[in-house]
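Below is one structure, written out as structure tokens, with a few remarks after it.
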Amino acid sequence: MPTWGWSPPMLEHEVSEAMDDALPDVPTEPGPRTSARRRAVHVTEHAEREFIWTTDDFDRIRKLIRERAGIHLHAGKQAMAYSRVSRRLRETGHKRFHDYLNWLEQQDEAEWQEFVNVLTTNLTAFFREPHHFIELAHWFKQHPGGPWHIWSCAASTGEEAYSIAMVAQEVLGERSGLKVLASDIDTRVLERAAQGVFRTDHLKGLSDERLRRFFLRGTGANAGLVRVRPPLRDAVEFMPLNLIEGAWPFKQPLDVVFCRNVMIYFDAATQRRVLERLHRAMRPGALLFVGHAEHFSDARDLFVLRGKTLYERL
């Protein structure tokens with residue numbers, strides 16, 4: 001029977017390659033881009049395409065995902081949209097995008113969630129942008145007494161949220177009671193995040209101390225995988241959340257928000273709406289960590305830059 005255990009310390013140079021089929025695939029960006037020159041009635045000339053696909057189908061997908069999730073797909077994303085939404089055509093038995101999209105608009109929330117899931121890009125890693133976690137550790141040292149209200153608002157498969165919780169437990173101890181709220185619009189990746197199971201190659205770069213303290217190595221049928229230890233897993237609460245729709249579930253003002261590499265998928269108007277919502281949800285002086293390509297000079301009335309991709313709520 002497969003078991004989880006910690007066989008001698010899993011040092012970084014001992015981390016083995018993962019089994020390709022150990023966990024469900026995370027979508028990645030496809031290769032070549034498809035031109036959007038031709039219009040509605042023209043079916044693309046790629047004879048190898050599995051489904052009938054027109055530029056009007058792409059324009060319609062762009063409109064629907066923008067309305068539903070705020071995601072702006074530019075004209076060069078035709079190949080990506082075809083590849084990802086094709087999964088739903090296969091699952092639902094449709095042969096043309098036109099027919100699937102007509103059907104989608106008559107469906108309940110479950111199929112809309114699947115549509116959003118396939119068009120969401122998930123790219124993350126443990127301690128991505130390491131300087132952010134140095135700043136976070138410093139903040140915890142300045143606020144040792146709590147309570148702490150921390151949000152990872154694009155948690156993907158959980159690496160960011162678990163990294164936040166690791167820093168908190170290193171500074172505050174496992175019995176601090178800190179809970180990191182972690183959300184994402186993609187329900188599939190949240191299911192994986194909640195399991196706390198990762199391929200061993202996802203842990204490259206973690207120190208030996210963190211590997212020993214926070215992870216268990218899989219044995220038997222789970223060889224090549226690791227699982228977060230219960231104290232770390234219990235420190236994170238995962239939930240689905242759409243940043244542009246519905247109410248946010250916070251009863252207390254937030255102290256720290258990680259909203260990294262999210263705004264780059266929104267247009268300027270949507271960025272402003274989300275920043276205003278963040279401003280209302282955060283206490284004055286709270287910290288907002290953003291992605292390395294995100295800059296909010298047009299929101300100086302809401303946030304002031306305090307460091308490298310680090311803002312303070314005014």
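Please note that chains go A, B, ... in the order of the structure tokens, that every chain numbers its residues from 1, and that ligands are numbered from 1 in the order shown.
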According to DSSP computed on the backbone, where in segment 66-185 of chain A is there alpha helix (DSSP H)? Give the residues as a CSV table (one decimal) with N, CA, C and O atoms, in the first residue's frame.
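Resulting contents of selection.csv:
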```csv
chain,number,residue,atom,x,y,z
A,66,ARG,N,-13.6,37.9,-21.1
A,66,ARG,CA,-13.4,39.2,-20.5
A,66,ARG,C,-14.6,39.6,-19.6
A,66,ARG,O,-14.4,40.1,-18.5
A,67,GLU,N,-15.8,39.3,-20.1
A,67,GLU,CA,-17.0,39.6,-19.2
A,67,GLU,C,-17.0,38.7,-18.0
A,67,GLU,O,-17.4,39.2,-16.9
A,68,ARG,N,-16.6,37.5,-18.1
A,68,ARG,CA,-16.7,36.5,-17.0
A,68,ARG,C,-15.6,36.7,-16.0
A,68,ARG,O,-15.8,36.5,-14.8
A,69,ALA,N,-14.3,36.9,-16.5
A,69,ALA,CA,-13.2,36.9,-15.6
A,69,ALA,C,-12.3,38.1,-15.7
A,69,ALA,O,-11.3,38.2,-15.0
A,78,GLN,N,-4.9,33.4,-30.6
A,78,GLN,CA,-5.8,32.5,-31.2
A,78,GLN,C,-5.4,31.0,-31.0
A,78,GLN,O,-6.3,30.2,-30.7
A,79,ALA,N,-4.2,30.7,-31.2
A,79,ALA,CA,-3.7,29.3,-31.0
A,79,ALA,C,-4.0,28.8,-29.6
A,79,ALA,O,-4.4,27.7,-29.4
A,80,MET,N,-3.7,29.7,-28.6
A,80,MET,CA,-3.9,29.3,-27.2
A,80,MET,C,-5.4,29.0,-27.0
A,80,MET,O,-5.8,28.0,-26.4
A,81,ALA,N,-6.3,30.0,-27.5
A,81,ALA,CA,-7.7,29.8,-27.3
A,81,ALA,C,-8.2,28.5,-27.9
A,81,ALA,O,-9.0,27.8,-27.3
A,82,TYR,N,-7.8,28.3,-29.1
A,82,TYR,CA,-8.2,27.0,-29.8
A,82,TYR,C,-7.8,25.8,-29.0
A,82,TYR,O,-8.7,24.9,-28.8
A,83,SER,N,-6.6,25.8,-28.6
A,83,SER,CA,-6.1,24.6,-27.9
A,83,SER,C,-6.8,24.3,-26.6
A,83,SER,O,-7.2,23.2,-26.3
A,84,ARG,N,-7.0,25.4,-25.9
A,84,ARG,CA,-7.6,25.2,-24.5
A,84,ARG,C,-9.1,24.9,-24.6
A,84,ARG,O,-9.6,24.0,-23.9
A,85,VAL,N,-9.8,25.7,-25.4
A,85,VAL,CA,-11.3,25.5,-25.4
A,85,VAL,C,-11.6,24.2,-26.1
A,85,VAL,O,-12.7,23.6,-25.9
A,86,SER,N,-10.7,23.7,-27.0
A,86,SER,CA,-11.0,22.4,-27.6
A,86,SER,C,-11.2,21.3,-26.6
A,86,SER,O,-12.0,20.4,-26.8
A,87,ARG,N,-10.6,21.4,-25.4
A,87,ARG,CA,-10.8,20.4,-24.4
A,87,ARG,C,-12.3,20.3,-24.0
A,87,ARG,O,-12.8,19.2,-23.7
A,88,ARG,N,-13.0,21.5,-23.9
A,88,ARG,CA,-14.4,21.5,-23.6
A,88,ARG,C,-15.2,20.9,-24.7
A,88,ARG,O,-16.3,20.3,-24.4
A,89,LEU,N,-14.9,21.1,-26.0
A,89,LEU,CA,-15.6,20.5,-27.1
A,89,LEU,C,-15.5,19.0,-27.0
A,89,LEU,O,-16.5,18.3,-27.2
A,90,ARG,N,-14.4,18.5,-26.7
A,90,ARG,CA,-14.2,17.1,-26.6
A,90,ARG,C,-15.1,16.5,-25.5
A,90,ARG,O,-15.7,15.5,-25.6
A,91,GLU,N,-15.0,17.2,-24.3
A,91,GLU,CA,-15.8,16.7,-23.2
A,91,GLU,C,-17.3,16.8,-23.3
A,91,GLU,O,-18.0,16.0,-22.8
A,92,THR,N,-17.7,17.8,-24.1
A,92,THR,CA,-19.2,18.0,-24.2
A,92,THR,C,-19.7,17.5,-25.5
A,92,THR,O,-21.0,17.5,-25.8
A,97,PHE,N,-16.9,25.2,-32.7
A,97,PHE,CA,-16.8,26.2,-31.6
A,97,PHE,C,-18.1,27.0,-31.5
A,97,PHE,O,-18.6,27.3,-30.5
A,98,HIS,N,-18.7,27.3,-32.7
A,98,HIS,CA,-19.9,28.1,-32.7
A,98,HIS,C,-21.0,27.4,-31.9
A,98,HIS,O,-21.7,28.0,-31.1
A,99,ASP,N,-21.1,26.1,-32.2
A,99,ASP,CA,-22.2,25.3,-31.4
A,99,ASP,C,-21.9,25.2,-30.0
A,99,ASP,O,-22.8,25.4,-29.1
A,100,TYR,N,-20.6,25.0,-29.6
A,100,TYR,CA,-20.3,24.9,-28.2
A,100,TYR,C,-20.6,26.3,-27.5
A,100,TYR,O,-21.2,26.3,-26.4
A,101,LEU,N,-20.2,27.4,-28.1
A,101,LEU,CA,-20.4,28.7,-27.5
A,101,LEU,C,-21.9,29.0,-27.3
A,101,LEU,O,-22.3,29.6,-26.3
A,102,ASN,N,-22.7,28.7,-28.3
A,102,ASN,CA,-24.1,28.8,-28.2
A,102,ASN,C,-24.7,28.0,-27.0
A,102,ASN,O,-25.5,28.5,-26.2
A,103,TRP,N,-24.2,26.8,-26.9
A,103,TRP,CA,-24.6,25.9,-25.8
A,103,TRP,C,-24.1,26.5,-24.5
A,103,TRP,O,-24.9,26.5,-23.5
A,104,LEU,N,-22.9,27.0,-24.4
A,104,LEU,CA,-22.3,27.5,-23.2
A,104,LEU,C,-23.2,28.6,-22.6
A,104,LEU,O,-23.4,28.7,-21.4
A,109,GLU,N,-23.7,27.6,-13.9
A,109,GLU,CA,-22.4,28.0,-13.4
A,109,GLU,C,-21.3,26.9,-13.6
A,109,GLU,O,-20.1,27.3,-13.9
A,110,ALA,N,-21.6,25.7,-13.6
A,110,ALA,CA,-20.6,24.6,-13.7
A,110,ALA,C,-19.9,24.6,-15.0
A,110,ALA,O,-18.6,24.6,-15.0
A,111,GLU,N,-20.5,24.8,-16.1
A,111,GLU,CA,-19.8,24.8,-17.4
A,111,GLU,C,-19.1,26.1,-17.6
A,111,GLU,O,-18.0,26.1,-18.1
A,112,TRP,N,-19.6,27.2,-17.1
A,112,TRP,CA,-18.9,28.5,-17.2
A,112,TRP,C,-17.6,28.4,-16.4
A,112,TRP,O,-16.6,28.9,-16.8
A,113,GLN,N,-17.6,27.7,-15.3
A,113,GLN,CA,-16.4,27.5,-14.5
A,113,GLN,C,-15.4,26.7,-15.3
A,113,GLN,O,-14.2,27.0,-15.3
A,114,GLU,N,-15.8,25.7,-16.0
A,114,GLU,CA,-14.9,24.9,-16.8
A,114,GLU,C,-14.3,25.7,-17.9
A,114,GLU,O,-13.1,25.6,-18.2
A,115,PHE,N,-15.1,26.6,-18.5
A,115,PHE,CA,-14.7,27.5,-19.6
A,115,PHE,C,-13.6,28.4,-19.0
A,115,PHE,O,-12.5,28.6,-19.7
A,116,VAL,N,-13.8,29.0,-17.9
A,116,VAL,CA,-12.8,29.9,-17.2
A,116,VAL,C,-11.6,29.1,-16.9
A,116,VAL,O,-10.4,29.5,-17.1
A,117,ASN,N,-11.7,27.9,-16.4
A,117,ASN,CA,-10.6,27.1,-16.0
A,117,ASN,C,-9.6,26.8,-17.1
A,117,ASN,O,-8.4,26.9,-17.0
A,118,VAL,N,-10.2,26.5,-18.3
A,118,VAL,CA,-9.3,26.1,-19.4
A,118,VAL,C,-8.6,27.3,-20.0
A,118,VAL,O,-7.5,27.2,-20.6
A,119,LEU,N,-9.1,28.5,-19.8
A,119,LEU,CA,-8.5,29.7,-20.3
A,119,LEU,C,-7.6,30.4,-19.3
A,119,LEU,O,-7.0,31.5,-19.6
A,130,PRO,N,12.1,36.0,-4.6
A,130,PRO,CA,12.5,35.8,-3.2
A,130,PRO,C,12.5,37.0,-2.3
A,130,PRO,O,12.3,37.0,-1.1
A,131,HIS,N,12.8,38.2,-2.9
A,131,HIS,CA,12.9,39.4,-2.1
A,131,HIS,C,11.5,39.7,-1.5
A,131,HIS,O,11.5,40.4,-0.4
A,132,HIS,N,10.4,39.3,-2.0
A,132,HIS,CA,9.1,39.5,-1.4
A,132,HIS,C,9.0,38.8,-0.1
A,132,HIS,O,8.5,39.3,0.9
A,133,PHE,N,9.6,37.6,0.0
A,133,PHE,CA,9.5,36.8,1.2
A,133,PHE,C,10.5,37.3,2.3
A,133,PHE,O,10.2,37.1,3.5
A,134,ILE,N,11.6,38.0,1.9
A,134,ILE,CA,12.4,38.6,2.8
A,134,ILE,C,11.7,39.8,3.5
A,134,ILE,O,11.7,40.0,4.7
A,135,GLU,N,11.0,40.6,2.6
A,135,GLU,CA,10.2,41.7,3.2
A,135,GLU,C,9.0,41.2,4.1
A,135,GLU,O,8.7,41.8,5.1
A,136,LEU,N,8.4,40.0,3.7
A,136,LEU,CA,7.4,39.5,4.5
A,136,LEU,C,7.9,39.0,5.9
A,136,LEU,O,7.2,39.3,6.9
A,137,ALA,N,9.0,38.4,5.9
A,137,ALA,CA,9.6,38.0,7.2
A,137,ALA,C,9.9,39.2,8.1
A,137,ALA,O,9.6,39.1,9.3
A,138,HIS,N,10.4,40.2,7.5
A,138,HIS,CA,10.6,41.5,8.2
A,138,HIS,C,9.3,42.0,8.8
A,138,HIS,O,9.3,42.5,9.9
A,139,TRP,N,8.3,42.0,8.0
A,139,TRP,CA,7.0,42.5,8.4
A,139,TRP,C,6.5,41.6,9.6
A,139,TRP,O,6.0,42.2,10.6
A,140,PHE,N,6.6,40.3,9.6
A,140,PHE,CA,6.2,39.5,10.7
A,140,PHE,C,6.9,39.8,11.9
A,140,PHE,O,6.4,39.8,13.0
A,141,LYS,N,8.2,40.1,11.8
A,141,LYS,CA,9.0,40.4,13.0
A,141,LYS,C,8.6,41.7,13.6
A,141,LYS,O,8.7,41.9,14.8
A,142,GLN,N,8.1,42.6,12.8
A,142,GLN,CA,7.6,43.9,13.3
A,142,GLN,C,6.2,43.7,13.9
A,142,GLN,O,5.7,44.6,14.6
A,159,GLU,N,1.8,27.0,-4.4
A,159,GLU,CA,3.1,27.2,-4.0
A,159,GLU,C,3.3,28.6,-3.3
A,159,GLU,O,4.0,28.7,-2.3
A,160,GLU,N,2.6,29.6,-3.8
A,160,GLU,CA,2.8,30.9,-3.2
A,160,GLU,C,2.2,30.9,-1.7
A,160,GLU,O,2.9,31.4,-0.8
A,161,ALA,N,1.0,30.4,-1.6
A,161,ALA,CA,0.4,30.4,-0.2
A,161,ALA,C,1.2,29.6,0.8
A,161,ALA,O,1.4,30.0,1.9
A,162,TYR,N,1.7,28.4,0.3
A,162,TYR,CA,2.5,27.6,1.3
A,162,TYR,C,3.8,28.3,1.6
A,162,TYR,O,4.4,28.2,2.7
A,163,SER,N,4.4,29.1,0.6
A,163,SER,CA,5.6,29.8,0.9
A,163,SER,C,5.4,30.9,1.9
A,163,SER,O,6.2,31.1,2.8
A,164,ILE,N,4.2,31.6,1.8
A,164,ILE,CA,3.8,32.6,2.8
A,164,ILE,C,3.7,31.9,4.2
A,164,ILE,O,4.2,32.4,5.2
A,165,ALA,N,3.1,30.8,4.3
A,165,ALA,CA,2.9,30.1,5.6
A,165,ALA,C,4.2,29.6,6.1
A,165,ALA,O,4.4,29.6,7.3
A,166,MET,N,5.1,29.2,5.3
A,166,MET,CA,6.4,28.8,5.7
A,166,MET,C,7.2,29.9,6.4
A,166,MET,O,7.7,29.7,7.5
A,167,VAL,N,7.2,31.1,5.8
A,167,VAL,CA,7.8,32.2,6.4
A,167,VAL,C,7.2,32.6,7.7
A,167,VAL,O,7.8,32.9,8.7
A,168,ALA,N,5.8,32.5,7.8
A,168,ALA,CA,5.1,32.8,9.0
A,168,ALA,C,5.5,31.9,10.1
A,168,ALA,O,5.8,32.3,11.3
A,169,GLN,N,5.6,30.6,9.8
A,169,GLN,CA,5.9,29.6,10.9
A,169,GLN,C,7.4,29.7,11.2
A,169,GLN,O,7.7,29.4,12.4
A,170,GLU,N,8.3,30.1,10.3
A,170,GLU,CA,9.7,30.3,10.7
A,170,GLU,C,9.9,31.5,11.6
A,170,GLU,O,10.7,31.4,12.6
A,171,VAL,N,9.1,32.5,11.4
A,171,VAL,CA,9.2,33.7,12.3
A,171,VAL,C,8.4,33.6,13.5
A,171,VAL,O,8.8,33.9,14.6
A,172,LEU,N,7.1,33.1,13.4
A,172,LEU,CA,6.2,33.2,14.5
A,172,LEU,C,6.0,31.8,15.2
A,172,LEU,O,5.5,31.8,16.3
```
### Task
Identify, on the basis of only C-alpha atoms, every residue whose closest approach to Ala155 of chain A does not exceed 6 Å; exclude the query and any residue fewer than 5 positions from it along the same chain; express the result as a ChimeraX atom specification.
/A:182-184
For the selection just defined, write its residues with all heavy atoms to a file, as an mmCIF file, in the first residue's frame.
```
data_model
loop_
_atom_site.group_PDB
_atom_site.id
_atom_site.type_symbol
_atom_site.label_atom_id
_atom_site.label_comp_id
_atom_site.auth_asym_id
_atom_site.auth_seq_id
_atom_site.Cartn_x
_atom_site.Cartn_y
_atom_site.Cartn_z
ATOM 1 N N ALA A 182 -6.168 31.661 0.653
ATOM 2 C CA ALA A 182 -5.636 31.518 -0.698
ATOM 3 C C ALA A 182 -6.788 31.261 -1.657
ATOM 4 O O ALA A 182 -7.590 30.348 -1.438
ATOM 5 C CB ALA A 182 -4.626 30.368 -0.756
ATOM 6 N N SER A 183 -6.876 32.050 -2.713
ATOM 7 C CA SER A 183 -7.988 31.921 -3.649
ATOM 8 C C SER A 183 -7.487 31.912 -5.077
ATOM 9 O O SER A 183 -6.363 32.330 -5.384
ATOM 10 C CB SER A 183 -8.985 33.070 -3.452
ATOM 11 O OG SER A 183 -8.388 34.303 -3.826
ATOM 12 N N ASP A 184 -8.354 31.438 -5.967
ATOM 13 C CA ASP A 184 -8.076 31.471 -7.399
ATOM 14 C C ASP A 184 -9.397 31.308 -8.126
ATOM 15 O O ASP A 184 -10.347 30.738 -7.576
ATOM 16 C CB ASP A 184 -7.106 30.352 -7.796
ATOM 17 C CG ASP A 184 -6.378 30.649 -9.105
ATOM 18 O OD1 ASP A 184 -6.987 30.486 -10.181
ATOM 19 O OD2 ASP A 184 -5.207 31.058 -9.051
#
```
Near segment 194-206 of chain A, 10 Å: segment 210-247 of chain A residue rows, closest pairs, only C-alpha atoms, as CSV:
```
residue,atom,partner,partner_atom,distance
A:Arg210,CA,A:Leu206,CA,6.3
A:Leu211,CA,A:Leu206,CA,6.5
A:Phe215,CA,A:Val197,CA,9.4
A:Leu216,CA,A:Val197,CA,9.4
A:Arg217,CA,A:Thr200,CA,8.4
A:Gly218,CA,A:Val197,CA,9.3
A:Asn222,CA,A:Arg199,CA,9.7
A:Ala223,CA,A:Thr200,CA,9.1
A:Gly224,CA,A:Thr200,CA,5.8
A:Leu225,CA,A:Arg199,CA,4.5
A:Val226,CA,A:Phe198,CA,5.3
A:Arg227,CA,A:Val197,CA,4.4
A:Val228,CA,A:Gly196,CA,5.4
A:Arg229,CA,A:Gly196,CA,8.5
A:Pro230,CA,A:Gly196,CA,9.3
A:Leu232,CA,A:Gly196,CA,9.2
A:Arg233,CA,A:Gly196,CA,6.7
A:Asp234,CA,A:Ala194,CA,9.7
A:Val236,CA,A:Ala194,CA,8.4
A:Glu237,CA,A:Ala194,CA,8.0
A:Phe238,CA,A:Ala194,CA,6.4
A:Met239,CA,A:Ala194,CA,9.2
```
### Interatomic distance (Å, one decimal) between atom CA of Leu310 of chain A and atom CA of Glu129 of chain A
11.2 Å
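Take the candidates A:Phe289, A:Arg175, A:Ile71, A:Ile185 and check each one against Thr157 of chain A using only C-alpha atoms; the shortest distance goes to A:Ile185.
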### strand (DSSP E) per DSSP on the backbone: members of segment 16-225 of chain A, as a PyMOL selection string
chain A and resi 150-152+180-184+197-199+215-219+225
### Message
To one decimal place in Å, what is the distance between atom CA of Gly76 of chain A and atom CA of Ala268 of chain A?
### Response
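So the answer is 18.8 Å.
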### Query
Which of these, A:Leu287, A:Ile264, A:Val256, A:Val304, has the shortest distance to Trp148 of chain A once you count only C-alpha atoms?
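Once distances to Trp148 of chain A are computed over only C-alpha atoms, the minimum belongs to A:Val256.
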### Task
May I have the residues within 7 Å of Arg62 of chain A as a ChimeraX atom specification, using only C-alpha atoms and disregarding those fewer than 3 positions away in the same chain?
/A:58-59,65-66,72-73
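Checking A:His74, A:Arg272, A:His149, A:Lys95 one by one against Phe296 of chain A, counting only C-alpha atoms, you find the shortest gap at A:Arg272.
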### Task
Rank A:Val274, A:Ala221, A:Cys259, A:Leu64 by their smallest atom-to-atom distance to Glu245 of chain A, using only C-alpha atoms, and report the top residue only.
A:Val274
